[in-house]
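> Dropping in model03.cif, with mmCIF, C-alpha atoms and all ligand atoms.
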data_query
#
loop_
_atom_site.group_PDB
_atom_site.id
_atom_site.type_symbol
_atom_site.label_atom_id
_atom_site.label_comp_id
_atom_site.auth_asym_id
_atom_site.auth_seq_id
_atom_site.Cartn_x
_atom_site.Cartn_y
_atom_site.Cartn_z
ATOM 1 C CA MET W 179 87.599 237.209 -81.601
ATOM 2 C CA LYS W 180 90.487 235.014 -80.479
ATOM 3 C CA VAL W 181 93.793 235.801 -78.764
ATOM 4 C CA PHE W 182 96.847 233.573 -78.429
ATOM 5 C CA VAL W 183 98.836 234.112 -75.216
ATOM 6 C CA THR W 184 102.351 232.681 -75.548
ATOM 7 C CA LYS W 185 102.865 231.802 -71.825
ATOM 8 C CA ALA W 186 100.751 231.670 -68.679
ATOM 9 C CA ILE W 187 100.028 235.083 -67.115
ATOM 10 C CA PRO W 188 98.090 235.986 -63.933
ATOM 11 C CA GLU W 189 94.421 234.958 -64.143
ATOM 12 C CA VAL W 190 93.240 238.535 -63.650
ATOM 13 C CA GLY W 191 94.346 239.374 -67.200
ATOM 14 C CA ILE W 192 92.832 236.233 -68.708
ATOM 15 C CA ASN W 193 89.522 236.890 -66.946
ATOM 16 C CA LEU W 194 89.390 240.474 -68.185
ATOM 17 C CA MET W 195 89.725 239.329 -71.785
ATOM 18 C CA LYS W 196 87.147 236.565 -71.319
ATOM 19 C CA GLU W 197 84.687 239.019 -69.766
ATOM 20 C CA ALA W 198 85.084 241.131 -72.898
ATOM 21 C CA GLY W 199 83.909 238.115 -74.923
ATOM 22 C CA ILE W 200 87.347 237.162 -76.250
ATOM 23 C CA GLU W 201 88.290 233.516 -76.700
ATOM 24 C CA VAL W 202 91.630 233.042 -74.950
ATOM 25 C CA THR W 203 94.167 230.288 -75.654
ATOM 26 C CA VAL W 204 97.249 230.097 -73.441
ATOM 27 C CA HIS W 205 100.369 228.169 -74.486
ATOM 28 C CA VAL W 206 101.103 226.229 -71.301
ATOM 29 C CA ASP W 207 103.746 223.848 -72.621
ATOM 30 C CA ASP W 208 107.204 224.441 -71.079
ATOM 31 C CA ARG W 209 108.759 224.134 -74.522
ATOM 32 C CA PRO W 210 108.624 227.526 -76.231
ATOM 33 C CA LEU W 211 107.359 227.487 -79.822
ATOM 34 C CA HIS W 212 110.095 228.031 -82.405
ATOM 35 C CA SER W 213 109.520 230.882 -84.837
ATOM 36 C CA GLU W 214 107.823 228.949 -87.666
ATOM 37 C CA GLU W 215 105.507 227.223 -85.166
ATOM 38 C CA MET W 216 104.651 230.589 -83.635
ATOM 39 C CA ILE W 217 103.772 231.966 -87.075
ATOM 40 C CA ALA W 218 101.598 228.934 -87.863
ATOM 41 C CA VAL W 219 99.718 229.283 -84.571
ATOM 42 C CA CYS W 220 99.294 233.062 -84.717
ATOM 43 C CA GLN W 221 97.866 232.805 -88.228
ATOM 44 C CA GLN W 222 94.812 231.235 -86.605
ATOM 45 C CA TYR W 223 94.208 234.110 -84.152
ATOM 46 C CA ASP W 224 93.103 237.744 -84.307
ATOM 47 C CA ALA W 225 95.493 238.920 -81.619
ATOM 48 C CA MET W 226 98.704 237.822 -79.936
ATOM 49 C CA MET W 227 99.850 238.455 -76.398
ATOM 50 C CA SER W 228 103.603 237.955 -76.377
ATOM 51 C CA VAL W 229 104.955 236.898 -72.991
ATOM 52 C CA GLY W 230 108.750 236.671 -72.808
ATOM 53 C CA PHE W 231 111.005 237.379 -75.710
ATOM 54 C CA ASN W 232 109.385 235.988 -78.845
ATOM 55 C CA LYS W 233 111.178 237.324 -81.891
ATOM 56 C CA ILE W 234 108.601 239.484 -83.621
ATOM 57 C CA ASP W 235 110.698 240.408 -86.638
ATOM 58 C CA ALA W 236 109.840 241.437 -90.210
ATOM 59 C CA HIS W 237 109.406 237.793 -91.275
ATOM 60 C CA PHE W 238 106.895 237.114 -88.484
ATOM 61 C CA LEU W 239 105.025 240.362 -89.076
ATOM 62 C CA GLU W 240 104.725 239.844 -92.820
ATOM 63 C CA ARG W 241 103.312 236.364 -92.282
ATOM 64 C CA CYS W 242 100.982 237.549 -89.502
ATOM 65 C CA ARG W 243 99.963 240.884 -91.000
ATOM 66 C CA HIS W 244 96.313 240.083 -90.250
ATOM 67 C CA LEU W 245 96.866 240.508 -86.483
ATOM 68 C CA LYS W 246 94.707 243.294 -85.095
ATOM 69 C CA VAL W 247 96.998 243.806 -82.121
ATOM 70 C CA ILE W 248 100.223 242.507 -80.585
ATOM 71 C CA SER W 249 100.201 243.019 -76.847
ATOM 72 C CA LEU W 250 103.548 242.649 -75.051
ATOM 73 C CA PHE W 251 103.578 241.446 -71.460
ATOM 74 C CA ALA W 252 106.655 243.630 -70.903
ATOM 75 C CA VAL W 253 107.778 247.226 -71.005
ATOM 76 C CA GLY W 254 110.748 246.464 -73.286
ATOM 77 C CA TYR W 255 110.071 245.993 -76.989
ATOM 78 C CA ASP W 256 113.528 245.392 -78.433
ATOM 79 C CA ASN W 257 112.291 241.969 -79.630
ATOM 80 C CA VAL W 258 109.791 243.632 -81.984
ATOM 81 C CA ASP W 259 110.438 245.301 -85.334
ATOM 82 C CA ILE W 260 108.342 248.362 -84.490
ATOM 83 C CA PRO W 261 108.914 250.232 -87.803
ATOM 84 C CA MET W 262 107.677 247.168 -89.719
ATOM 85 C CA ALA W 263 104.656 246.684 -87.405
ATOM 86 C CA THR W 264 103.817 250.348 -87.910
ATOM 87 C CA GLN W 265 104.178 250.052 -91.665
ATOM 88 C CA LEU W 266 101.801 247.071 -91.620
ATOM 89 C CA LYS W 267 99.437 249.026 -89.339
ATOM 90 C CA ILE W 268 99.672 246.496 -86.518
ATOM 91 C CA PRO W 269 99.369 248.247 -83.154
ATOM 92 C CA VAL W 270 101.843 247.046 -80.506
ATOM 93 C CA GLY W 271 101.169 247.639 -76.816
ATOM 94 C CA ASN W 272 103.452 247.302 -73.771
ATOM 95 C CA THR W 273 103.222 247.586 -69.967
ATOM 96 C CA PRO W 274 105.096 250.719 -68.845
ATOM 97 C CA ASP W 275 105.124 252.343 -65.369
ATOM 98 C CA VAL W 276 103.428 249.507 -63.488
ATOM 99 C CA LEU W 277 106.726 247.644 -63.153
ATOM 100 C CA SER W 278 109.024 250.588 -62.427
ATOM 101 C CA ARG W 279 109.087 250.207 -58.654
ATOM 102 C CA ALA W 280 109.581 246.439 -58.634
ATOM 103 C CA THR W 281 112.367 246.634 -61.220
ATOM 104 C CA ALA W 282 114.127 249.437 -59.350
ATOM 105 C CA ASP W 283 113.808 247.334 -56.169
ATOM 106 C CA THR W 284 115.684 244.564 -57.972
ATOM 107 C CA ALA W 285 118.453 246.971 -59.000
ATOM 108 C CA PHE W 286 118.674 248.188 -55.390
ATOM 109 C CA LEU W 287 118.726 244.612 -54.094
ATOM 110 C CA LEU W 288 121.588 243.731 -56.439
ATOM 111 C CA MET W 289 123.549 246.864 -55.555
ATOM 112 C CA LEU W 290 123.362 246.026 -51.863
ATOM 113 C CA ALA W 291 124.010 242.321 -52.414
ATOM 114 C CA VAL W 292 127.120 243.014 -54.512
ATOM 115 C CA SER W 293 128.428 245.624 -52.074
ATOM 116 C CA ARG W 294 128.436 242.938 -49.329
ATOM 117 C CA LYS W 295 129.303 239.927 -51.530
ATOM 118 C CA ALA W 296 126.044 238.434 -50.288
ATOM 119 C CA PHE W 297 125.621 235.558 -52.742
ATOM 120 C CA TYR W 298 129.271 234.503 -52.359
ATOM 121 C CA ASN W 299 129.035 234.588 -48.555
ATOM 122 C CA TYR W 300 125.819 232.561 -48.697
ATOM 123 C CA ARG W 301 127.591 229.974 -50.839
ATOM 124 C CA LYS W 302 130.369 229.819 -48.213
ATOM 125 C CA ILE W 303 127.830 228.504 -45.712
ATOM 126 C CA LEU W 304 126.455 225.954 -48.161
ATOM 127 C CA ASP W 305 129.987 224.810 -49.035
ATOM 128 C CA GLY W 306 130.893 224.302 -45.341
ATOM 129 C CA LYS W 307 133.496 227.116 -45.541
ATOM 130 C CA TRP W 308 132.023 229.277 -42.773
ATOM 131 C CA LYS W 309 134.438 228.679 -39.920
ATOM 132 C CA GLY W 310 133.362 231.490 -37.595
ATOM 133 C CA PHE W 311 133.558 235.287 -37.296
ATOM 134 C CA GLU W 312 136.277 236.650 -39.568
ATOM 135 C CA PRO W 313 137.345 240.288 -39.049
ATOM 136 C CA VAL W 314 139.229 240.728 -42.304
ATOM 137 C CA ALA W 315 137.829 238.214 -44.777
ATOM 138 C CA ASP W 316 135.491 239.045 -47.661
ATOM 139 C CA LEU W 317 134.779 242.622 -46.673
ATOM 140 C CA GLY W 318 132.267 244.698 -48.584
ATOM 141 C CA ILE W 319 132.101 248.396 -49.350
ATOM 142 C CA GLU W 320 129.636 250.969 -48.038
ATOM 143 C CA LEU W 321 127.325 253.047 -50.176
ATOM 144 C CA TYR W 322 126.782 256.135 -48.009
ATOM 145 C CA GLY W 323 127.440 259.368 -49.862
ATOM 146 C CA LYS W 324 128.730 257.577 -52.958
ATOM 147 C CA THR W 325 127.870 258.552 -56.542
ATOM 148 C CA LEU W 326 125.171 256.658 -58.382
ATOM 149 C CA GLY W 327 125.359 256.842 -62.176
ATOM 150 C CA ILE W 328 122.175 256.077 -64.074
ATOM 151 C CA PHE W 329 122.368 255.079 -67.729
ATOM 152 C CA GLY W 330 118.849 255.776 -69.051
ATOM 153 C CA LEU W 331 116.908 257.979 -66.656
ATOM 154 C CA GLY W 332 113.300 257.046 -67.424
ATOM 155 C CA LYS W 333 110.730 255.853 -64.887
ATOM 156 C CA ILE W 334 112.751 252.885 -63.593
ATOM 157 C CA GLY W 335 116.007 254.841 -63.435
ATOM 158 C CA PHE W 336 114.214 257.607 -61.551
ATOM 159 C CA GLU W 337 112.844 255.103 -58.992
ATOM 160 C CA MET W 338 116.313 253.648 -58.461
ATOM 161 C CA ALA W 339 117.870 257.094 -58.067
ATOM 162 C CA GLN W 340 115.169 258.124 -55.593
ATOM 163 C CA LYS W 341 115.738 255.028 -53.432
ATOM 164 C CA CYS W 342 119.520 255.478 -53.430
ATOM 165 C CA LYS W 343 119.266 259.133 -52.494
ATOM 166 C CA ALA W 344 116.780 258.429 -49.690
ATOM 167 C CA ALA W 345 118.638 255.402 -48.301
ATOM 168 C CA TYR W 346 122.271 256.477 -48.667
ATOM 169 C CA GLY W 347 122.285 260.150 -49.589
ATOM 170 C CA MET W 348 123.933 259.174 -52.861
ATOM 171 C CA ASN W 349 124.803 261.849 -55.418
ATOM 172 C CA ILE W 350 123.002 261.210 -58.667
ATOM 173 C CA ILE W 351 124.544 261.636 -62.103
ATOM 174 C CA TYR W 352 122.917 260.394 -65.289
ATOM 175 C CA HIS W 353 123.350 259.981 -69.003
ATOM 176 C CA ASN W 354 120.317 259.900 -71.259
ATOM 177 C CA ARG W 355 119.186 260.750 -74.779
ATOM 178 C CA ASN W 356 117.340 263.741 -73.306
ATOM 179 C CA ARG W 357 117.788 265.819 -70.186
ATOM 180 C CA ASN W 358 115.412 264.866 -67.338
ATOM 181 C CA LEU W 359 114.675 268.243 -65.758
ATOM 182 C CA HIS W 360 112.301 266.740 -63.194
ATOM 183 C CA ALA W 361 115.094 264.504 -61.855
ATOM 184 C CA GLU W 362 117.517 267.410 -61.924
ATOM 185 C CA GLU W 363 115.143 269.414 -59.763
ATOM 186 C CA VAL W 364 113.810 266.739 -57.395
ATOM 187 C CA LEU W 365 116.928 264.582 -56.997
ATOM 188 C CA GLU W 366 119.574 267.208 -57.773
ATOM 189 C CA ALA W 367 120.646 264.825 -60.511
ATOM 190 C CA ARG W 368 123.464 266.049 -62.756
ATOM 191 C CA TYR W 369 123.517 265.333 -66.483
ATOM 192 C CA VAL W 370 126.926 264.070 -67.635
ATOM 193 C CA SER W 371 128.485 262.727 -70.823
ATOM 194 C CA TYR W 372 128.822 258.966 -71.265
ATOM 195 C CA ASP W 373 132.544 259.124 -70.471
ATOM 196 C CA GLU W 374 131.934 261.200 -67.353
ATOM 197 C CA LEU W 375 129.314 258.684 -66.248
ATOM 198 C CA LEU W 376 131.883 255.903 -66.551
ATOM 199 C CA ALA W 377 134.623 257.833 -64.780
ATOM 200 C CA GLU W 378 132.591 259.243 -61.879
ATOM 201 C CA SER W 379 130.133 256.471 -60.911
ATOM 202 C CA ASP W 380 130.711 254.410 -57.765
ATOM 203 C CA VAL W 381 127.628 252.439 -58.712
ATOM 204 C CA LEU W 382 126.574 252.419 -62.350
ATOM 205 C CA SER W 383 123.025 251.181 -62.920
ATOM 206 C CA LEU W 384 121.564 250.506 -66.380
ATOM 207 C CA HIS W 385 117.930 251.384 -67.117
ATOM 208 C CA ALA W 386 117.926 252.112 -70.852
ATOM 209 C CA ASN W 387 115.965 250.412 -73.603
ATOM 210 C CA LEU W 388 118.110 248.244 -75.831
ATOM 211 C CA SER W 389 118.610 249.573 -79.362
ATOM 212 C CA GLU W 390 121.024 249.058 -82.254
ATOM 213 C CA SER W 391 122.983 252.118 -81.127
ATOM 214 C CA ASN W 392 123.632 250.978 -77.542
ATOM 215 C CA LYS W 393 124.158 247.230 -78.061
ATOM 216 C CA GLU W 394 127.188 246.139 -75.949
ATOM 217 C CA ILE W 395 127.986 249.755 -75.193
ATOM 218 C CA PHE W 396 129.377 248.507 -71.875
ATOM 219 C CA ASN W 397 132.424 246.792 -73.276
ATOM 220 C CA LYS W 398 136.194 246.552 -72.729
ATOM 221 C CA GLY W 399 136.731 250.230 -73.528
ATOM 222 C CA ALA W 400 133.939 251.324 -71.195
ATOM 223 C CA PHE W 401 135.001 249.139 -68.246
ATOM 224 C CA ALA W 402 138.567 250.455 -68.614
ATOM 225 C CA LYS W 403 137.270 253.976 -67.944
ATOM 226 C CA MET W 404 135.447 253.001 -64.730
ATOM 227 C CA LYS W 405 136.737 253.218 -61.154
ATOM 228 C CA PRO W 406 138.395 250.031 -59.821
ATOM 229 C CA THR W 407 135.997 250.353 -56.867
ATOM 230 C CA ALA W 408 132.859 250.631 -59.041
ATOM 231 C CA ILE W 409 129.831 248.346 -58.963
ATOM 232 C CA PHE W 410 128.093 247.638 -62.292
ATOM 233 C CA ILE W 411 124.349 246.825 -62.166
ATOM 234 C CA ASN W 412 122.276 245.711 -65.163
ATOM 235 C CA THR W 413 118.538 245.086 -64.735
ATOM 236 C CA ALA W 414 117.649 246.354 -68.229
ATOM 237 C CA ARG W 415 118.830 244.079 -71.049
ATOM 238 C CA GLY W 416 121.751 241.639 -71.128
ATOM 239 C CA ALA W 417 122.854 242.800 -74.576
ATOM 240 C CA LEU W 418 123.740 246.246 -73.204
ATOM 241 C CA HIS W 419 126.982 244.756 -71.889
ATOM 242 C CA ASN W 420 129.556 242.472 -73.458
ATOM 243 C CA GLU W 421 129.746 239.502 -71.127
ATOM 244 C CA ALA W 422 133.321 238.411 -71.930
ATOM 245 C CA ASP W 423 134.547 241.988 -71.408
ATOM 246 C CA LEU W 424 132.648 242.229 -68.115
ATOM 247 C CA LYS W 425 134.234 239.008 -66.869
ATOM 248 C CA GLU W 426 137.704 240.224 -67.859
ATOM 249 C CA ALA W 427 137.112 243.598 -66.184
ATOM 250 C CA LEU W 428 136.150 241.830 -62.942
ATOM 251 C CA GLU W 429 139.110 239.441 -63.126
ATOM 252 C CA LYS W 430 141.593 242.249 -63.787
ATOM 253 C CA GLY W 431 140.071 244.446 -61.076
ATOM 254 C CA LEU W 432 139.090 247.192 -63.538
ATOM 255 C CA ILE W 433 135.779 247.285 -61.630
ATOM 256 C CA TRP W 434 134.935 245.934 -58.171
ATOM 257 C CA GLY W 435 131.719 244.005 -58.684
ATOM 258 C CA ALA W 436 128.654 243.364 -60.788
ATOM 259 C CA GLY W 437 124.989 242.575 -60.252
ATOM 260 C CA LEU W 438 122.925 241.270 -63.145
ATOM 261 C CA ASP W 439 119.230 240.490 -63.465
ATOM 262 C CA VAL W 440 119.611 240.143 -67.226
ATOM 263 C CA THR W 441 122.129 238.129 -69.210
ATOM 264 C CA ASN W 442 122.864 237.371 -72.828
ATOM 265 C CA PRO W 443 121.691 234.768 -73.672
ATOM 266 C CA GLU W 444 118.851 233.973 -71.275
ATOM 267 C CA PRO W 445 118.665 231.608 -69.548
ATOM 268 C CA MET W 446 122.316 231.766 -68.501
ATOM 269 C CA ASP W 447 124.250 228.514 -68.649
ATOM 270 C CA PRO W 448 124.546 227.225 -65.048
ATOM 271 C CA SER W 449 128.246 226.522 -65.624
ATOM 272 C CA ASN W 450 128.950 230.171 -66.538
ATOM 273 C CA PRO W 451 132.017 231.177 -64.450
ATOM 274 C CA LEU W 452 130.501 234.589 -63.682
ATOM 275 C CA LEU W 453 128.068 232.824 -61.347
ATOM 276 C CA MET W 454 130.905 231.737 -59.036
ATOM 277 C CA MET W 455 132.824 235.015 -58.860
ATOM 278 C CA PRO W 456 132.925 236.503 -55.333
ATOM 279 C CA ASN W 457 131.854 240.018 -56.313
ATOM 280 C CA VAL W 458 129.085 238.981 -58.666
ATOM 281 C CA CYS W 459 125.379 238.478 -57.904
ATOM 282 C CA ILE W 460 123.133 237.182 -60.675
ATOM 283 C CA LEU W 461 119.347 236.767 -60.714
ATOM 284 C CA PRO W 462 117.194 235.113 -63.406
ATOM 285 C CA HIS W 463 115.409 238.175 -64.873
ATOM 286 C CA ILE W 464 113.033 238.673 -61.931
ATOM 287 C CA GLY W 465 112.934 242.477 -62.142
ATOM 288 C CA SER W 466 109.148 242.745 -62.256
ATOM 289 C CA ALA W 467 108.387 239.467 -60.481
ATOM 290 C CA THR W 468 106.057 240.468 -57.647
ATOM 291 C CA GLN W 469 102.425 239.384 -57.482
ATOM 292 C CA GLU W 470 101.213 242.997 -57.472
ATOM 293 C CA THR W 471 103.320 244.026 -60.451
ATOM 294 C CA ARG W 472 102.608 240.939 -62.520
ATOM 295 C CA ASP W 473 98.858 241.371 -61.865
ATOM 296 C CA GLY W 474 99.178 244.995 -62.992
ATOM 297 C CA MET W 475 101.040 243.954 -66.132
ATOM 298 C CA ALA W 476 98.389 241.317 -66.909
ATOM 299 C CA ILE W 477 95.620 243.918 -66.635
ATOM 300 C CA MET W 478 97.461 246.390 -68.882
ATOM 301 C CA ALA W 479 98.317 243.770 -71.476
ATOM 302 C CA ALA W 480 94.700 242.529 -71.461
ATOM 303 C CA LYS W 481 93.374 246.064 -71.910
ATOM 304 C CA ASN W 482 95.622 246.478 -74.943
ATOM 305 C CA VAL W 483 94.238 243.265 -76.452
ATOM 306 C CA ILE W 484 90.639 244.346 -75.803
ATOM 307 C CA ALA W 485 91.159 247.810 -77.300
ATOM 308 C CA GLY W 486 93.016 246.416 -80.327
ATOM 309 C CA LEU W 487 90.284 243.887 -81.074
ATOM 310 C CA LYS W 488 87.670 246.635 -80.869
ATOM 311 C CA GLY W 489 89.705 248.695 -83.323
ATOM 312 C CA GLU W 490 90.334 251.328 -80.640
ATOM 313 C CA LYS W 491 93.634 253.040 -79.793
ATOM 314 C CA LEU W 492 95.644 250.942 -77.357
ATOM 315 C CA PRO W 493 95.885 252.479 -73.845
ATOM 316 C CA THR W 494 99.656 251.971 -73.868
ATOM 317 C CA ILE W 495 100.900 251.899 -77.424
ATOM 318 C CA VAL W 496 104.492 251.636 -78.604
ATOM 319 C CA ASN W 497 104.088 252.590 -82.290
ATOM 320 C CA PRO W 498 104.900 256.253 -82.943
HETATM 321 C C1 LIG N 1 110.219 243.958 -69.372
HETATM 322 O O1 LIG N 1 109.104 244.272 -68.974
HETATM 323 O O2 LIG N 1 110.729 244.432 -70.379
HETATM 324 C C2 LIG N 1 110.945 242.950 -68.553
HETATM 325 O O3 LIG N 1 112.269 242.871 -68.884
HETATM 326 C C3 LIG N 1 110.287 241.607 -68.686
HETATM 327 O O4 LIG N 1 110.194 241.271 -69.982
#
What is this structure when it is put down as structure tokens?
Ligand code: DGY

Amino acid sequence: MKVFVTKAIPEVGINLMKEAGIEVTVHVDDRPLHSEEMIAVCQQYDAMMSVGFNKIDAHFLERCRHLKVISLFAVGYDNVDIPMATQLKIPVGNTPDVLSRATADTAFLLMLAVSRKAFYNYRKILDGKWKGFEPVADLGIELYGKTLGIFGLGKIGFEMAQKCKAAYGMNIIYHNRNRNLHAEEVLEARYVSYDELLAESDVLSLHANLSESNKEIFNKGAFAKMKPTAIFINTARGALHNEADLKEALEKGLIWGAGLDVTNPEPMDPSNPLLMMPNVCILPHIGSATQETRDGMAIMAAKNVIAGLKGEKLPTIVNP
């Protein structure tokens, strides 16, 4: 049995698959394969481990319907046509839970960095603009006792809420498809409507999966309903917000600041003006990028490949 891995992953995952007798090929070229190349390559393998955001749409799936398993090195699966994979009986696995803490850490890091204009102040040093102690210049805002709004209270959102409550005694409100009674009990989180979330959040942090129904849900209309002192954090998917509307909201002072670990498209163009705005901190999609978490993801993704090739149920399966 042979698996094609679309980008290098930690060795621990590769070794696990090899120990199970699987022949592993890793695409190590910096140039990502375009979709027709990916199809041509995957047609020669029994399984695919997708690392990054390969478009696994109906066209790909129809041409690669022989695949015994598609294992995603990610928790998000918005790049995969899951109904079509299910129809073709291709099991798709992902890597949930293991990355929740690291991703929530990144959201927390961005919240704090934005609240103190950290990246902008760092650039001031590099640009030779740090002239000494300045009592009134570039002041930040404090987070103690403020209200954290969570859009999408799953595992990662819960971790973020827990950190913010422990560190700053923040009040937690959330909007989700379903009520999260555990969070309501443990974190005294309050379920609110989408509009209430916008109106009441001092920090609004996104942790939802991307779907057709929430694409660019954070747009002009949404930013207009937020507090002028609010901080917007997105570590989920760049397509949840409309970038031009976000930039305008920041310029007009409709919101105070923004921290992004995800952009649309990725990678972000280095000349994007958002990168130079004082109240904006942007990271290159490093949410889960710790050694421990990436090792954990590699093990989970490898286990999904092994199970799929044995014809067993994947340990972490996405298909309904
Ligand atoms: C995920 O796991 O979905 C991260 O965004 C990395 O792909």
> Taking all atoms listed in the file into account, list the residues no farther than 6 Å from ligand LIG 1 (chain N), as an mmCIF file with C-alpha atoms, in the frame of the given file.

data_model
loop_
_atom_site.group_PDB
_atom_site.id
_atom_site.type_symbol
_atom_site.label_atom_id
_atom_site.label_comp_id
_atom_site.auth_asym_id
_atom_site.auth_seq_id
_atom_site.Cartn_x
_atom_site.Cartn_y
_atom_site.Cartn_z
ATOM 1 C CA GLY W 230 108.750 236.671 -72.808
ATOM 2 C CA ALA W 252 106.655 243.630 -70.903
ATOM 3 C CA VAL W 253 107.778 247.226 -71.005
ATOM 4 C CA GLY W 254 110.748 246.464 -73.286
#
> Would you translate the PyMOL selection byres (((chain W and resi 218-225) around 10) and not hetatm) into the concrete set of residues it matches in this file, as a PyMOL selection string?
chain W and resi 179-184+200-203+211+213-217+226-228+238+241-249+268+483-484+486-487
> Restricting the output to C-alpha atoms, write the selected residues as a CSV table (one decimal), in the coordinates of the input.

chain,number,residue,atom,x,y,z
W,179,MET,CA,87.6,237.2,-81.6
W,180,LYS,CA,90.5,235.0,-80.5
W,181,VAL,CA,93.8,235.8,-78.8
W,182,PHE,CA,96.8,233.6,-78.4
W,183,VAL,CA,98.8,234.1,-75.2
W,184,THR,CA,102.4,232.7,-75.5
W,200,ILE,CA,87.3,237.2,-76.2
W,201,GLU,CA,88.3,233.5,-76.7
W,202,VAL,CA,91.6,233.0,-75.0
W,203,THR,CA,94.2,230.3,-75.7
W,211,LEU,CA,107.4,227.5,-79.8
W,213,SER,CA,109.5,230.9,-84.8
W,214,GLU,CA,107.8,228.9,-87.7
W,215,GLU,CA,105.5,227.2,-85.2
W,216,MET,CA,104.7,230.6,-83.6
W,217,ILE,CA,103.8,232.0,-87.1
W,226,MET,CA,98.7,237.8,-79.9
W,227,MET,CA,99.8,238.5,-76.4
W,228,SER,CA,103.6,238.0,-76.4
W,238,PHE,CA,106.9,237.1,-88.5
W,241,ARG,CA,103.3,236.4,-92.3
W,242,CYS,CA,101.0,237.5,-89.5
W,243,ARG,CA,100.0,240.9,-91.0
W,244,HIS,CA,96.3,240.1,-90.2
W,245,LEU,CA,96.9,240.5,-86.5
W,246,LYS,CA,94.7,243.3,-85.1
W,247,VAL,CA,97.0,243.8,-82.1
W,248,ILE,CA,100.2,242.5,-80.6
W,249,SER,CA,100.2,243.0,-76.8
W,268,ILE,CA,99.7,246.5,-86.5
W,483,VAL,CA,94.2,243.3,-76.5
W,484,ILE,CA,90.6,244.3,-75.8
W,486,GLY,CA,93.0,246.4,-80.3
W,487,LEU,CA,90.3,243.9,-81.1
> Give me, as a PyMOL selection string, all polymer residues having an atom no more than 10 Å from Met262 of chain W, counting only C-alpha atoms and skipping those fewer than 3 positions away in the same chain.
chain W and resi 234-237+239-240+258-259+265-268+497
> As a check of understanding, name the residues that the PyMOL selection byres (((chain W and resi 352) around 8) and not hetatm) selects in the supplied structure, as a PyMOL selection string.
chain W and resi 327-331+350-351+353-354+367-370+375
> What residues come out when you apply the PyMOL selection byres (((chain W and resi 437) around 10) and not hetatm) to this file, written as a PyMOL selection string?
chain W and resi 284-293+383+409-413+435-436+438-440+457-461
> Atoms to include: C-alpha atoms. Write the selected residues as a PDB file, keeping the file's coordinate frame.

ATOM      1  CA  THR W 284     115.684 244.564 -57.972  1.00  0.00           C
ATOM      2  CA  ALA W 285     118.453 246.971 -59.000  1.00  0.00           C
ATOM      3  CA  PHE W 286     118.674 248.188 -55.390  1.00  0.00           C
ATOM      4  CA  LEU W 287     118.726 244.612 -54.094  1.00  0.00           C
ATOM      5  CA  LEU W 288     121.588 243.731 -56.439  1.00  0.00           C
ATOM      6  CA  MET W 289     123.549 246.864 -55.555  1.00  0.00           C
ATOM      7  CA  LEU W 290     123.362 246.026 -51.863  1.00  0.00           C
ATOM      8  CA  ALA W 291     124.010 242.321 -52.414  1.00  0.00           C
ATOM      9  CA  VAL W 292     127.120 243.014 -54.512  1.00  0.00           C
ATOM     10  CA  SER W 293     128.428 245.624 -52.074  1.00  0.00           C
ATOM     11  CA  SER W 383     123.025 251.181 -62.920  1.00  0.00           C
ATOM     12  CA  ILE W 409     129.831 248.346 -58.963  1.00  0.00           C
ATOM     13  CA  PHE W 410     128.093 247.638 -62.292  1.00  0.00           C
ATOM     14  CA  ILE W 411     124.349 246.825 -62.166  1.00  0.00           C
ATOM     15  CA  ASN W 412     122.276 245.711 -65.163  1.00  0.00           C
ATOM     16  CA  THR W 413     118.538 245.086 -64.735  1.00  0.00           C
ATOM     17  CA  GLY W 435     131.719 244.005 -58.684  1.00  0.00           C
ATOM     18  CA  ALA W 436     128.654 243.364 -60.788  1.00  0.00           C
ATOM     19  CA  LEU W 438     122.925 241.270 -63.145  1.00  0.00           C
ATOM     20  CA  ASP W 439     119.230 240.490 -63.465  1.00  0.00           C
ATOM     21  CA  VAL W 440     119.611 240.143 -67.226  1.00  0.00           C
ATOM     22  CA  ASN W 457     131.854 240.018 -56.313  1.00  0.00           C
ATOM     23  CA  VAL W 458     129.085 238.981 -58.666  1.00  0.00           C
ATOM     24  CA  CYS W 459     125.379 238.478 -57.904  1.00  0.00           C
ATOM     25  CA  ILE W 460     123.133 237.182 -60.675  1.00  0.00           C
ATOM     26  CA  LEU W 461     119.347 236.767 -60.714  1.00  0.00           C
TER      27      LEU W 461
END
> Looking at W:Gly489, W:Gly416, W:Pro462, W:Pro456, which one is nearest to Arg301 of chain W, with distances taken over all atoms listed in the file?
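Checking each of W:Gly489, W:Gly416, W:Pro462, W:Pro456 against Arg301 of chain W, counting all atoms listed in the file, the winner is W:Pro456.
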> Here is a test: counting all atoms listed in the file, which residue of W:Ala339, W:Leu418, W:Val206, W:Ile433 is nearest to Ser278 of chain W?
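Ranking W:Ala339, W:Leu418, W:Val206, W:Ile433 by distance to Ser278 of chain W, first place goes to W:Ala339.
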> One number please: atom CA of Lys333 of chain W to atom CA of Lys491 of chain W, in Å, one decimal.
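Atom CA of Lys491 of chain W lies at a distance of 22.9 Å from atom CA of Lys333 of chain W.
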> Rounded to one decimal place, report the atom CA of Glu429 of chain W-atom CA of Glu378 of chain W distance in Å.
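Result for atom CA of Glu429 of chain W versus atom CA of Glu378 of chain W: 20.9 Å, one decimal.
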> Just how far from atom CA of Arg279 of chain W is atom CA of Glu337 of chain W, in Å to one decimal?
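Pair atom CA of Glu337 of chain W / atom CA of Arg279 of chain W returns 6.2 Å.
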> Give the answer as one residue: which of W:Ala344, W:Ile192, W:Ala377, W:Ala480 has the shortest atom-to-atom distance to Pro493 of chain W, using all atoms listed in the file?
W:Ala480
> Which is closer to Ile319 of chain W than all the others in W:Ala427, W:Val276, W:Val381, W:Ala417, using all atoms listed in the file?
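Among the listed residues, the smallest separation from Ile319 of chain W belongs to W:Val381.
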